[in-house]
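Raw contents of protein_21.cif, mmCIF, C-alpha atoms and all ligand atoms:
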```
data_my_file
loop_
_atom_site.label_atom_id
_atom_site.label_comp_id
_atom_site.auth_asym_id
_atom_site.auth_seq_id
_atom_site.Cartn_x
_atom_site.Cartn_y
_atom_site.Cartn_z
CA MET A 1 38.02 55.56 63.16
CA LEU A 2 40.32 56.98 65.79
CA ARG A 3 39.81 60.19 67.75
CA VAL A 4 42.97 61.15 69.59
CA VAL A 5 44.18 64.12 71.61
CA PHE A 6 47.88 64.90 72.08
CA LEU A 7 48.53 66.53 75.43
CA GLY A 8 51.89 67.70 76.76
CA PRO A 9 54.10 70.69 77.49
CA PRO A 10 55.53 73.02 74.82
CA GLY A 11 58.32 71.43 72.82
CA VAL A 12 57.61 67.84 73.89
CA GLY A 13 57.02 66.75 70.29
CA LYS A 14 53.22 66.90 69.94
CA GLY A 15 53.33 68.44 66.48
CA THR A 16 56.01 66.03 65.25
CA GLN A 17 54.16 62.95 66.48
CA ALA A 18 50.65 64.16 65.63
CA ALA A 19 51.66 64.72 61.99
CA ARG A 20 53.18 61.21 61.81
CA LEU A 21 50.20 59.48 63.38
CA ALA A 22 47.74 61.37 61.17
CA ALA A 23 49.67 60.36 58.03
CA GLU A 24 50.00 56.71 59.12
CA ARG A 25 46.33 56.29 60.03
CA HIS A 26 44.82 58.67 57.43
CA LEU A 27 43.41 60.99 60.05
CA VAL A 28 42.90 64.75 59.99
CA HIS A 29 45.62 66.59 61.95
CA LEU A 30 44.19 69.63 63.71
CA SER A 31 46.77 71.83 65.43
CA THR A 32 45.26 74.91 67.07
CA GLY A 33 48.75 76.46 67.17
CA ASP A 34 49.13 76.02 63.37
CA LEU A 35 45.58 77.30 62.73
CA LEU A 36 46.24 80.36 64.89
CA ARG A 37 49.64 81.03 63.27
CA ALA A 38 47.96 80.86 59.83
CA ALA A 39 45.37 83.41 61.00
CA VAL A 40 48.18 85.66 62.32
CA ALA A 41 50.10 85.36 59.03
CA ALA A 42 46.96 86.20 57.03
CA ALA A 43 46.27 89.14 59.40
CA THR A 44 42.60 88.17 59.78
CA PRO A 45 40.72 89.97 62.61
CA LEU A 46 41.02 86.80 64.69
CA GLY A 47 44.75 86.52 63.90
CA ARG A 48 45.37 90.15 64.89
CA GLU A 49 43.64 89.53 68.20
CA ALA A 50 45.55 86.27 68.86
CA ASP A 51 49.02 87.59 67.94
CA GLY A 52 49.88 89.39 71.20
CA TYR A 53 48.85 86.46 73.38
CA MET A 54 50.93 84.04 71.31
CA ARG A 55 54.07 86.19 71.24
CA ALA A 56 53.91 86.47 75.03
CA GLY A 57 53.42 82.70 75.41
CA ARG A 58 49.97 83.05 76.99
CA LEU A 59 46.82 81.17 76.02
CA VAL A 60 44.60 82.79 73.41
CA PRO A 61 41.07 83.36 74.84
CA ASP A 62 38.87 80.25 74.67
CA ASP A 63 36.20 81.81 72.43
CA LEU A 64 38.72 82.67 69.68
CA VAL A 65 40.23 79.17 69.70
CA GLN A 66 36.79 77.60 69.75
CA ARG A 67 35.79 79.61 66.67
CA ILE A 68 38.82 78.42 64.72
CA LEU A 69 38.49 74.76 65.77
CA ALA A 70 34.75 74.02 65.77
CA GLU A 71 34.20 74.25 62.01
CA ARG A 72 37.23 72.04 61.24
CA LEU A 73 36.08 69.41 63.68
CA ALA A 74 32.60 69.43 62.16
CA ALA A 75 33.96 69.15 58.56
CA PRO A 76 33.33 65.83 56.74
CA GLU A 77 37.09 65.03 56.55
CA ALA A 78 37.21 64.75 60.35
CA GLY A 79 34.44 62.13 60.19
CA ASN A 80 37.04 59.35 59.70
CA GLY A 81 38.86 60.42 62.83
CA PHE A 82 41.26 63.13 63.92
CA VAL A 83 44.41 63.94 65.83
CA LEU A 84 43.99 67.04 67.97
CA ASP A 85 47.30 68.76 68.76
CA GLY A 86 47.28 71.63 71.26
CA TYR A 87 43.61 71.42 72.22
CA PRO A 88 42.22 71.27 74.85
CA ARG A 89 44.56 73.32 77.04
CA ASN A 90 42.43 74.02 80.10
CA PRO A 91 39.39 72.44 81.81
CA ALA A 92 36.92 74.81 80.07
CA GLN A 93 38.21 73.72 76.63
CA ALA A 94 38.01 70.05 77.70
CA ALA A 95 34.35 70.57 78.62
CA ARG A 96 33.64 72.19 75.23
CA LEU A 97 35.37 69.34 73.42
CA GLU A 98 33.35 66.75 75.33
CA ALA A 99 30.19 68.49 74.13
CA MET A 100 31.41 68.24 70.50
CA THR A 101 32.79 64.68 70.22
CA PRO A 102 33.73 61.51 72.10
CA LEU A 103 37.44 60.56 72.25
CA ASP A 104 39.23 57.21 71.99
CA ALA A 105 42.52 58.15 73.66
CA VAL A 106 44.47 61.07 75.14
CA LEU A 107 48.22 60.70 74.67
CA LEU A 108 50.24 62.60 77.25
CA LEU A 109 53.84 63.13 76.11
CA GLU A 110 56.25 63.78 78.98
CA LEU A 111 59.80 65.20 79.29
CA PRO A 112 61.82 67.11 81.91
CA ASP A 113 61.82 70.93 81.53
CA ALA A 114 65.55 71.09 80.69
CA VAL A 115 65.00 68.95 77.57
CA LEU A 116 61.90 70.97 76.58
CA ILE A 117 63.91 74.19 76.73
CA GLU A 118 66.66 72.64 74.59
CA ARG A 119 64.14 71.46 71.98
CA LEU A 120 62.31 74.80 71.85
CA SER A 121 65.38 77.02 71.67
CA GLY A 122 66.85 74.89 68.86
CA ARG A 123 63.66 74.69 66.78
CA ARG A 124 63.57 76.42 63.40
CA VAL A 125 60.56 76.47 61.08
CA CYS A 126 59.94 77.09 57.41
CA PRO A 127 57.60 80.09 56.99
CA THR A 128 56.51 78.76 53.57
CA CYS A 129 55.65 75.08 54.14
CA HIS A 130 55.77 75.00 57.98
CA ALA A 131 58.29 72.11 58.10
CA VAL A 132 59.91 71.87 61.54
CA TYR A 133 63.65 71.40 62.13
CA HIS A 134 66.04 71.43 65.06
CA ILE A 135 69.51 72.93 64.75
CA THR A 136 71.24 69.83 66.16
CA ASP A 137 68.67 66.99 66.36
CA ARG A 138 66.97 67.46 63.01
CA PRO A 139 69.11 69.85 60.97
CA PRO A 140 68.24 70.73 57.37
CA ARG A 141 70.62 69.48 54.64
CA ILE A 142 71.80 73.07 53.97
CA ALA A 143 72.17 75.11 57.18
CA GLY A 144 69.34 77.62 57.64
CA ARG A 145 67.39 76.52 54.51
CA CYS A 146 64.26 74.38 54.19
CA ASP A 147 64.91 70.97 52.56
CA ARG A 148 61.60 71.13 50.69
CA ASP A 149 61.58 74.62 49.19
CA GLY A 150 64.86 76.34 50.10
CA THR A 151 63.14 79.10 52.12
CA GLU A 152 65.22 80.67 54.91
CA LEU A 153 64.27 79.08 58.22
CA VAL A 154 63.10 81.28 61.11
CA GLN A 155 62.65 81.01 64.87
CA ARG A 156 59.09 81.22 66.19
CA PRO A 157 58.58 84.47 68.17
CA ASP A 158 57.39 82.40 71.14
CA ASP A 159 60.60 80.31 71.15
CA ARG A 160 62.53 83.22 72.71
CA PRO A 161 63.62 82.56 76.34
CA GLU A 162 61.07 84.89 78.07
CA ALA A 163 58.14 83.42 76.13
CA ILE A 164 59.37 79.85 76.75
CA ALA A 165 59.36 80.49 80.51
CA THR A 166 55.79 81.84 80.35
CA ARG A 167 54.59 78.90 78.23
CA LEU A 168 56.02 76.36 80.69
CA ALA A 169 54.34 78.16 83.62
CA VAL A 170 51.01 78.39 81.76
CA TYR A 171 51.21 74.66 80.99
CA THR A 172 51.77 73.77 84.65
CA GLU A 173 48.95 76.01 85.88
CA GLN A 174 46.27 75.52 83.23
CA THR A 175 46.94 72.43 81.12
CA ALA A 176 48.61 69.90 83.46
CA PRO A 177 45.37 69.46 85.49
CA LEU A 178 43.88 67.74 82.40
CA ARG A 179 46.00 64.71 83.29
CA ASP A 180 43.64 63.92 86.19
CA HIS A 181 40.59 64.88 84.13
CA TYR A 182 41.35 62.31 81.42
CA GLY A 183 42.85 59.80 83.84
CA ALA A 184 39.53 59.66 85.67
CA ARG A 185 37.79 58.91 82.34
CA GLY A 186 40.15 56.02 81.53
CA LEU A 187 41.43 57.76 78.37
CA LEU A 188 44.94 58.80 79.42
CA ARG A 189 48.05 57.08 78.00
CA ALA A 190 51.30 58.52 79.41
CA ILE A 191 54.14 58.23 76.87
CA PRO A 192 57.80 59.01 77.68
CA ALA A 193 58.90 61.41 74.92
CA ASP A 194 62.67 60.92 75.23
CA GLY A 195 64.64 59.19 72.48
CA SER A 196 64.35 59.61 68.74
CA PRO A 197 61.10 60.53 66.96
CA ASP A 198 60.97 56.89 65.67
CA GLN A 199 61.23 55.54 69.22
CA VAL A 200 58.47 57.85 70.48
CA ALA A 201 56.27 56.93 67.50
CA ALA A 202 56.70 53.22 68.30
CA ARG A 203 55.54 53.82 71.90
CA ILE A 204 52.53 55.72 70.63
CA ARG A 205 51.63 52.93 68.19
CA ALA A 206 51.85 50.36 70.98
CA SER A 207 49.49 52.39 73.17
CA LEU A 208 46.71 52.64 70.58
CA PRO A 209 44.19 50.09 69.33
CA GLY A 210 45.22 48.57 65.94
P1 LIG B 1 51.37 75.44 69.87
O1 LIG B 1 51.84 75.65 68.49
O2 LIG B 1 50.37 74.35 70.14
O3 LIG B 1 52.65 75.29 70.79
P2 LIG B 1 53.02 74.33 72.02
O4 LIG B 1 51.94 73.54 72.64
O5 LIG B 1 53.74 75.25 72.94
O6 LIG B 1 53.83 73.25 71.38
P3 LIG B 1 54.99 73.42 70.36
O7 LIG B 1 54.46 73.59 68.98
O8 LIG B 1 55.96 74.47 70.85
O9 LIG B 1 55.76 72.06 70.56
P4 LIG B 1 55.37 70.59 70.16
O10 LIG B 1 55.04 69.82 71.40
O11 LIG B 1 54.39 70.55 69.03
O12 LIG B 1 56.80 70.10 69.69
P5 LIG B 1 57.42 69.92 68.21
O13 LIG B 1 56.91 68.66 67.61
O14 LIG B 1 57.30 71.18 67.41
O15 LIG B 1 50.72 76.78 70.47
C1 LIG B 1 51.38 78.02 70.31
C2 LIG B 1 50.55 79.11 70.98
O16 LIG B 1 49.25 79.20 70.34
C3 LIG B 1 50.23 78.91 72.47
O17 LIG B 1 51.28 79.35 73.30
C4 LIG B 1 48.97 79.75 72.60
O18 LIG B 1 49.26 81.14 72.66
C5 LIG B 1 48.24 79.48 71.29
N1 LIG B 1 47.32 78.30 71.39
C6 LIG B 1 47.42 77.13 70.70
N2 LIG B 1 46.41 76.29 71.04
C7 LIG B 1 45.67 76.96 71.97
C8 LIG B 1 44.52 76.62 72.72
N3 LIG B 1 43.93 75.41 72.62
N4 LIG B 1 44.03 77.53 73.59
C9 LIG B 1 44.61 78.75 73.72
N5 LIG B 1 45.71 79.14 73.07
C10 LIG B 1 46.24 78.25 72.18
O19 LIG B 1 58.95 69.70 68.61
C11 LIG B 1 59.73 70.72 69.22
C12 LIG B 1 61.18 70.64 68.68
O20 LIG B 1 61.76 69.42 69.12
C13 LIG B 1 61.30 70.65 67.15
O21 LIG B 1 62.45 71.33 66.78
C14 LIG B 1 61.40 69.15 66.78
O22 LIG B 1 62.09 68.94 65.56
C15 LIG B 1 62.15 68.61 67.99
N6 LIG B 1 61.79 67.22 68.30
C16 LIG B 1 60.56 66.66 68.29
N7 LIG B 1 60.62 65.37 68.68
C17 LIG B 1 61.94 65.12 68.97
C18 LIG B 1 62.64 63.97 69.44
N8 LIG B 1 62.01 62.81 69.70
N9 LIG B 1 63.97 64.08 69.63
C19 LIG B 1 64.62 65.25 69.40
N10 LIG B 1 64.01 66.37 68.94
C20 LIG B 1 62.68 66.30 68.74
#
```

Translate the structure of the given file into structure tokens.
Ligand code: AP5
Amino acid sequence: MLRVVFLGPPGVGKGTQAARLAAERHLVHLSTGDLLRAAVAAATPLGREADGYMRAGRLVPDDLVQRILAERLAAPEAGNGFVLDGYPRNPAQAARLEAMTPLDAVLLLELPDAVLIERLSGRRVCPTCHAVYHITDRPPRIAGRCDRDGTELVQRPDDRPEAIATRLAVYTEQTAPLRDHYGARGLLRAIPADGSPDQVAARIRASLPG
């Protein structure tokens, strides 16, 4: 049983590392960004409401995110442990999470802004299977096409320069204070997120109980 939160700025590699850790340890991977993007793609009422906030790079209102997360966290699959990716993102969400479940560790991935901007502007995603690529660091075998299903890769609407700037500012104002929140509870593990995905994964492994 392992209950982990990935914290860190946009583009630091939370999704990449959360998916790896979940697969390695047989945990449920819960990404609020992925859940919200699925709701947007399906044009559900919640997705229609979330879309404008996401395109602009702002946080979706807490109540909407809570609605989408709470039932997944309460599902039996999450009973063996989970990796939360992108939640919580402000002190109010951290308080709600504390009321729902205890945590074993909060992994804070860290990188300078210049590297974050490079990772975000080069990211391309598969709209069919949601695989994530990078035009130089993790290119697909055939340029512009998903390795798994051949779908044409796209850029996320919030990976445009204006939205990236807003996301970085929102992180500094609203999410970065969670460092002290979890530090005070003895849960925080700060992980340098430079180097290859394998190198970052090894640091994460070393920071967690076996
Ligand atoms: P979300 O999808 O959570 O976006 P984010 O936090 O901004 O994070 P990203 O997905 O952009 O980056 P990541 O850290 O996962 O990096 P990745 O692994 O992809 O949220 C999107 C939006 O949804 C928010 O802006 C908000 O509107 C809304 N939202 C979500 N949760 C919410 C909440 N709780 N409350 C309110 N609103 C919420 O990697 C990035 C790139 O770098 C990729 O191309 C990857 O291939 C590459 N890469 C990864 N690792 C490495 C490495 N080691 N070396 C080189 N390249 C690497």

Item to complete: Pick out the residues no farther than 7 Å from ligand LIG 1 (chain B), counting only C-alpha atoms and all ligand atoms, and list them as a VMD selection string.
Response: chain A and resid 8 to 17 31 to 34 36 53 to 54 57 to 62 65 85 to 89 119 to 120 122 to 124 132 to 134 137 to 138 167 193 to 197 200

Go ahead and dump the residues you just picked, C-alpha atoms, as a tab-separated table (two decimals), in the frame of the given file.
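Saved as result.tsv:
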```tsv
chain	number	residue	atom	x	y	z
A	8	GLY	CA	51.89	67.70	76.76
A	9	PRO	CA	54.10	70.69	77.49
A	10	PRO	CA	55.53	73.02	74.82
A	11	GLY	CA	58.32	71.43	72.82
A	12	VAL	CA	57.61	67.84	73.89
A	13	GLY	CA	57.02	66.75	70.29
A	14	LYS	CA	53.22	66.90	69.94
A	15	GLY	CA	53.33	68.44	66.48
A	16	THR	CA	56.01	66.03	65.25
A	17	GLN	CA	54.16	62.95	66.48
A	31	SER	CA	46.77	71.83	65.43
A	32	THR	CA	45.26	74.91	67.07
A	33	GLY	CA	48.75	76.46	67.17
A	34	ASP	CA	49.13	76.02	63.37
A	36	LEU	CA	46.24	80.36	64.89
A	53	TYR	CA	48.85	86.46	73.38
A	54	MET	CA	50.93	84.04	71.31
A	57	GLY	CA	53.42	82.70	75.41
A	58	ARG	CA	49.97	83.05	76.99
A	59	LEU	CA	46.82	81.17	76.02
A	60	VAL	CA	44.60	82.79	73.41
A	61	PRO	CA	41.07	83.36	74.84
A	62	ASP	CA	38.87	80.25	74.67
A	65	VAL	CA	40.23	79.17	69.70
A	85	ASP	CA	47.30	68.76	68.76
A	86	GLY	CA	47.28	71.63	71.26
A	87	TYR	CA	43.61	71.42	72.22
A	88	PRO	CA	42.22	71.27	74.85
A	89	ARG	CA	44.56	73.32	77.04
A	119	ARG	CA	64.14	71.46	71.98
A	120	LEU	CA	62.31	74.80	71.85
A	122	GLY	CA	66.85	74.89	68.86
A	123	ARG	CA	63.66	74.69	66.78
A	124	ARG	CA	63.57	76.42	63.40
A	132	VAL	CA	59.91	71.87	61.54
A	133	TYR	CA	63.65	71.40	62.13
A	134	HIS	CA	66.04	71.43	65.06
A	137	ASP	CA	68.67	66.99	66.36
A	138	ARG	CA	66.97	67.46	63.01
A	167	ARG	CA	54.59	78.90	78.23
A	193	ALA	CA	58.90	61.41	74.92
A	194	ASP	CA	62.67	60.92	75.23
A	195	GLY	CA	64.64	59.19	72.48
A	196	SER	CA	64.35	59.61	68.74
A	197	PRO	CA	61.10	60.53	66.96
A	200	VAL	CA	58.47	57.85	70.48
```

Exercise. Residues around (39.3, 86.3, 65.0), cut-off 12 Å, counting all atoms listed in the file - what are they as a ChimeraX atom specification?
Worked result: /A:35-40,42-51,60-69

**Message:** What's around Val106 (chain A) at 12 Å? Count only C-alpha atoms, leave out sequence neighbours fewer than 4 positions away in its own chain, and write the answer as a PyMOL selection string.
**Reply:** chain A and resi 2-8+14+18+82-88+94+102+178-191+204+207-208

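One distance worth recording is that between CA of Ala78 (chain A) and CA of Ala95 (chain A), which is 19.4 Å.
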
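The nearest approach to Asp159 (chain A) among the residues A:Leu108, A:Ala92, A:Val28, A:Leu116, with only C-alpha atoms taken into account, belongs to A:Leu116.
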
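If you measure from each of A:Ala41, A:Ala165, A:Met1, A:Ala22 to Ile117 (chain A) using all atoms listed in the file, the closest one turns out to be A:Ala165.
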
From the list A:Pro209, A:Gly81, A:Pro76, A:Pro161, the nearest residue to His26 (chain A) using only C-alpha atoms is A:Gly81

CA of Pro127 (chain A) to CA of Arg20 (chain A) measures 20.0 Å

Find the axis-aligned box for region 167-171 of chain A, covering all its listed atoms and adding 4 Å on each side, and write its centre and edge lengths in Å to one decimal as JSON.
```
{"center_x": 53.5, "center_y": 76.8, "center_z": 80.9, "size_x": 13.0, "size_y": 12.2, "size_z": 13.4}
```

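You will find CA of Pro192 (chain A) at 6.7 Å from CA of Leu111 (chain A).
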
So that I can see what lies close to Thr101 (chain A), please list as number ranges by chain the residues with an atom at most 10 Å from it, counting only C-alpha atoms and leaving out residues fewer than 5 positions away in the same chain. A: 3, 73-74, 96

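Using all atoms listed in the file, the contacts of region 144-153 of chain A at a cut-off of 8 Å, with sequence neighbours closer than 5 positions omitted, comprise Arg124, Val125, Cys126, Pro127, Thr128, Cys129 and Ala131 of chain A.
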
Between A:Ala163, A:Leu109, A:Ala75, A:Thr172, smallest distance to Arg203 (chain A) by all atoms listed in the file belongs to A:Leu109
